[in-house]
Amino acid sequence: MLTVLFAFLCIIQVSLIAQTLDKTRSQLSSRSTGAINSLTQIDRNLDQLMDALVAHRLSGSDDGTPPTAQAYRTQFEVFWASVTVFSLTAPGTVDEMPAAKKVRTNAMAFLTGNDEQINRNTPLAANESIDLYNETKTLSEQFHNLGHDYFIELSMFSDELKDRTNRLYNTFLLFALLVVTCGGISLYTLFKANRKSIELIEKSSVTQARLTQVVDELRSGKLENKAKDSFIAAASHDLRQPLHALGLFLGALENHIKPTGHAIMEKAQQSSSALNRLLSSLLDLSRLDAGAVKVALRDFDIGKLIGTLEHEFQSTAKARNMVLKFDTDEQLVHTDRILIDRVLRNLIENALTHSRGTVLSVICKLHNGALQITVEDDGIGVPANSQDDIFSEYFQIGNPERDRSKGLGIGLSIVRRLSELLDLDLQFSSRTNQGTRFSVSVPLATGLTISPKPTDKFKLNNGTSRSILVAVIEDESGVREGMEVMLDNKGYRTVTADSATELLRQLKAFRNPPDVLISDYRLRQGLTGDQAIELVKTTLKLDIPSVIITGDTSPKRVKALTGGGYKLLHKPVEPASLLRVIQKLTEHPATSHPSKTG
Amino acid sequence: MRLKPWNAIVQVALILLYVCAQAANSAELPKPTGPVLLKITGNIENTNTPGAVEFDLEMLEQFEASSFVTVTPWTDDTPTTFTGVRINELLEYVGAKSRDFRASAIDKYWNDLTDMDFDNIPAIIAYKLNNEYMRVRDLGPLWIMFPFDEFPELDTEKYKTACVWQLIEIEIH
């Protein structure tokens, strides 16, 4: 607003200056420098004419045409010429000075009046010379006065010019001041605007960067996966608890069912274990992500392992109208037995579930100093545009309705992660409607170490377990009761409590300390399982073999716990695995022998 | 200032050539027969009287007449035809060694004409105004005149004061 006002003032100033300048310019241009010269020239011409007249009179010769007559005639002519071009304009105007006009008229009258007398054949007589001289002198005085007037007017004009120049200078100074102020304000405004715009640009670039990041995350699915992962971690934790209880109750129920209900009971157990499997695979993935899976490399015969797989999957293959073709030999390899078993299991399950083929073959072949195990089907194959995605979590081909009986689509994802973990070369090729082939290269055994035969056959010994006291800390009553019923059924003595202090109180009724301590990880009042176990152990001053059951898949916590020397089980725990662990812990008195602690 | 030797040689050669040519061309010009209107003195090669060249009207009219129409402050601001001799031709005729000269008039007025490009500006010494000879009272008989209308850039005091009327003598510098 101020700038506009200043600009307006500037314009007014400029127009004022221009007007004054123009006036001065025209006045100066009309002021001819010839005026002064004209005056002096006329003055001299008149002087010379008078001189010539005096000279003629003094010569005194009246006859003929003496040189003096020629001289005054010439001077007369010269004066005439100077009068014809004489003009004086008033200073600062374009008009002739009235006085100049008057004098010029007089001069012209003098010239025309004496022309005849001067130029006649006989020279001027003495008295004529004197008359002419006097006339010329009068004229000369008139011109002289005119010069004086002109000088006065010129002086006044000069003062006026000086005045105007001063005013012009002041106006110009004011104008300059205005321009500088105006410019300063403009510059300041510009600078401010510039700074603001720079800030805006910075802000917008930050926003843009954030936006780009978010868009990238969205595009890459990172954000989605992140959300999925956290959702699954949370959901599986919540699901585990009731699933765990369900398994325990079903296990306990087994012995109380009439033969007629066995079929239904079996179905119920199948469903429960299917549910367990699904949750377990999710858990596997979560644990793999958590880096909680330990690799134990050793030499063993993979032929036997594959043989077991062939046997196990026979019925499933039949149910899906597929023929299994296994071609294996005894071969010692060097890898993790359990994890490679999971890899192959997942590959075979994947082929059986999704390929819709007729033949599934598992072939072992020595290749480049490694054992290449190929799992191949002749099913629908994987479309070329999906081949990059098959190892991603939750990706399934041809299952948009997400039929859960076909699994969660994380089998191959687990395969990939395990292969990476075991440093195995996993290859994949597929053609639509011709089948899919996966192959894993397993390194051959280097040493002679033969794995001890796994004692995988688990047998419950009802007779011996009766004397074993199992203490359970579990804050959830449903699970606690389920555990109690299940353990009772398997012939264990049990003592259950919702906290360590309650357990210690109840233990007073028993003569012996508990042989095994089982605790849920999350207990009431923010207590954790390991804290509860430590409390019991220090109170009883005994080192009791302990098991912690956790629903947590958080990598940090799982690591912290496994480092604490506890047997760790993940919910949902199937009754069989829990029993196996209890048996193992009580079977080896060397490691679980009660000993005095400090 | 650094002079290229080649340039210097060429310059010396040109000066020598010029001097020789002037010496060879130095000549006695025809003398005037009528009343003398103009006298050219000073730094000149050719003469027709000791140290000067005198012209009568007939001699001036023997040069090719050059004329133009122009408005002047001394002719009532009306277009006027001036006829006369090109100044550069006259200077060449007298063998002037310089282009600068002082022009003097009957009324004792004089003006130094310096740095004027007479080769490109067809300034003349006029002897006719509107096809009539001029008397002294008509600012004649000779009048230096510039073509102000054709060359507007000449409208300055320098050229106006150079318009010497009643011209009688030119002294080459």
# chains A, B, ... in the order shown; residues from 1 in each chain; ligands from 1
call {"tool": "select_by_dssp", "arguments": {"residues": "range 24-165 of chain B", "states": "alpha helix (DSSP H)", "output": "ChimeraX atom specification"}}
result
/B:24-25,57-62,87-93,157-160
call {"tool": "residues_around", "arguments": {"residues": "Leu16 in chain A", "least_positions_apart": "5", "cutoff": "12 Å", "atoms": "only C-alpha atoms", "output": "PyMOL selection string"}}
result
chain A and resi 9-11+21-23+164+167-172+174-175
call {"tool": "write_last_selection", "arguments": {"atoms": "N, CA, C and O atoms", "output": "CSV table (one decimal), in the first residue's frame"}}
result
chain,number,residue,atom,x,y,z
A,9,LEU,N,3.6,9.2,-6.0
A,9,LEU,CA,4.4,10.4,-5.7
A,9,LEU,C,5.5,10.5,-6.7
A,9,LEU,O,5.8,11.6,-7.2
A,10,CYS,N,6.2,9.4,-6.9
A,10,CYS,CA,7.4,9.4,-7.9
A,10,CYS,C,6.9,9.9,-9.2
A,10,CYS,O,7.6,10.7,-9.9
A,11,ILE,N,5.8,9.4,-9.7
A,11,ILE,CA,5.3,9.7,-11.0
A,11,ILE,C,5.0,11.2,-11.1
A,11,ILE,O,5.4,11.9,-12.0
A,21,LEU,N,11.9,20.9,-17.1
A,21,LEU,CA,13.0,20.7,-18.0
A,21,LEU,C,12.7,21.1,-19.4
A,21,LEU,O,13.5,21.8,-20.1
A,22,ASP,N,11.5,20.8,-19.8
A,22,ASP,CA,11.1,21.1,-21.2
A,22,ASP,C,11.0,22.6,-21.4
A,22,ASP,O,11.5,23.1,-22.4
A,23,LYS,N,10.4,23.3,-20.4
A,23,LYS,CA,10.3,24.7,-20.5
A,23,LYS,C,11.7,25.4,-20.7
A,23,LYS,O,11.9,26.2,-21.6
A,164,ARG,N,15.0,28.4,-11.0
A,164,ARG,CA,14.3,27.2,-11.5
A,164,ARG,C,15.2,26.0,-11.4
A,164,ARG,O,14.8,24.9,-11.1
A,167,ARG,N,15.2,24.9,-7.9
A,167,ARG,CA,13.9,24.2,-7.6
A,167,ARG,C,14.0,22.8,-8.3
A,167,ARG,O,13.6,21.8,-7.7
A,168,LEU,N,14.5,22.8,-9.5
A,168,LEU,CA,14.6,21.5,-10.2
A,168,LEU,C,15.5,20.5,-9.4
A,168,LEU,O,15.2,19.4,-9.3
A,169,TYR,N,16.6,21.1,-8.9
A,169,TYR,CA,17.5,20.3,-8.2
A,169,TYR,C,16.9,19.7,-6.9
A,169,TYR,O,17.0,18.5,-6.6
A,170,ASN,N,16.1,20.6,-6.2
A,170,ASN,CA,15.5,20.1,-5.0
A,170,ASN,C,14.4,19.1,-5.3
A,170,ASN,O,14.3,18.1,-4.6
A,171,THR,N,13.6,19.3,-6.4
A,171,THR,CA,12.6,18.4,-6.8
A,171,THR,C,13.3,17.0,-7.1
A,171,THR,O,12.8,16.0,-6.7
A,172,PHE,N,14.4,17.2,-7.8
A,172,PHE,CA,15.1,15.9,-8.2
A,172,PHE,C,15.6,15.2,-6.9
A,172,PHE,O,15.5,14.0,-6.9
A,174,LEU,N,14.3,15.3,-4.0
A,174,LEU,CA,13.1,14.6,-3.4
A,174,LEU,C,12.8,13.4,-4.1
A,174,LEU,O,12.5,12.3,-3.5
A,175,PHE,N,12.8,13.5,-5.4
A,175,PHE,CA,12.5,12.4,-6.3
A,175,PHE,C,13.4,11.2,-6.0
A,175,PHE,O,13.0,10.1,-5.9
call {"tool": "closest_atom_pairs", "arguments": {"of": "chain B", "to": "chain A", "cutoff": "9 Å", "atoms": "only C-alpha atoms", "output": "JSON lines"}}
result
{"residue": "B:Pro73", "atom": "CA", "partner": "A:Val85", "partner_atom": "CA", "distance": 8.4}
{"residue": "B:Trp74", "atom": "CA", "partner": "A:Val85", "partner_atom": "CA", "distance": 5.6}
{"residue": "B:Thr75", "atom": "CA", "partner": "A:Val85", "partner_atom": "CA", "distance": 7.9}
{"residue": "B:Asp76", "atom": "CA", "partner": "A:Val85", "partner_atom": "CA", "distance": 8.7}
{"residue": "B:Ile106", "atom": "CA", "partner": "A:Val78", "partner_atom": "CA", "distance": 7.5}
{"residue": "B:Asp107", "atom": "CA", "partner": "A:Val78", "partner_atom": "CA", "distance": 6.3}
{"residue": "B:Lys108", "atom": "CA", "partner": "A:Gln41", "partner_atom": "CA", "distance": 8.7}
{"residue": "B:Tyr109", "atom": "CA", "partner": "A:Gln41", "partner_atom": "CA", "distance": 7.8}
{"residue": "B:Arg135", "atom": "CA", "partner": "A:Glu77", "partner_atom": "CA", "distance": 8.4}
{"residue": "B:Val136", "atom": "CA", "partner": "A:Glu77", "partner_atom": "CA", "distance": 5.8}
{"residue": "B:Arg137", "atom": "CA", "partner": "A:Ala81", "partner_atom": "CA", "distance": 4.1}
{"residue": "B:Asp138", "atom": "CA", "partner": "A:Ala81", "partner_atom": "CA", "distance": 5.7}
{"residue": "B:Leu139", "atom": "CA", "partner": "A:Ala81", "partner_atom": "CA", "distance": 5.5}
{"residue": "B:Gly140", "atom": "CA", "partner": "A:Ala81", "partner_atom": "CA", "distance": 8.7}
{"residue": "B:Glu157", "atom": "CA", "partner": "A:Thr33", "partner_atom": "CA", "distance": 7.9}
{"residue": "B:Thr161", "atom": "CA", "partner": "A:Gly34", "partner_atom": "CA", "distance": 8.2}
{"residue": "B:Gln166", "atom": "CA", "partner": "A:Val78", "partner_atom": "CA", "distance": 8.3}
call {"tool": "residues_around", "arguments": {"residues": "Ser272 in chain A", "least_positions_apart": "5", "cutoff": "12 Å", "atoms": "only C-alpha atoms", "output": "ChimeraX atom specification"}}
result
/A:240,242-251,265-267,277-280,572-575
call {"tool": "select_by_dssp", "arguments": {"residues": "chain B", "states": "strand (DSSP E)", "output": "MDAnalysis selection string"}}
result
chainID B and resid 36:42 52:56 66:70 80:86 101:105 110:113 124:129 132:133 143:145 167:172
call {"tool": "residues_around", "arguments": {"residues": "range 97-102 of chain B", "least_positions_apart": "5", "cutoff": "10 Å", "atoms": "only C-alpha atoms", "output": "list in words"}}
result
Gln22, Ile40, Thr41, Gly42, Asn43, Ile44, Glu45, Ile87, Asn88, Leu91, Glu92, Trp110, Asn111, Asp112, Leu113, Thr114, Asp115, Met116, Asp117, Phe118, Ala162, Glu169, Ile170, Glu171, Ile172 and His173 of chain B
call {"tool": "atom_distance", "arguments": {"atom1": "CA of Arg416 in chain A", "atom2": "CA of Val323 in chain A"}}
result
25.5 Å
call {"tool": "atom_distance", "arguments": {"atom1": "CA of Leu371 in chain A", "atom2": "CA of Ser441 in chain A"}}
result
5.4 Å
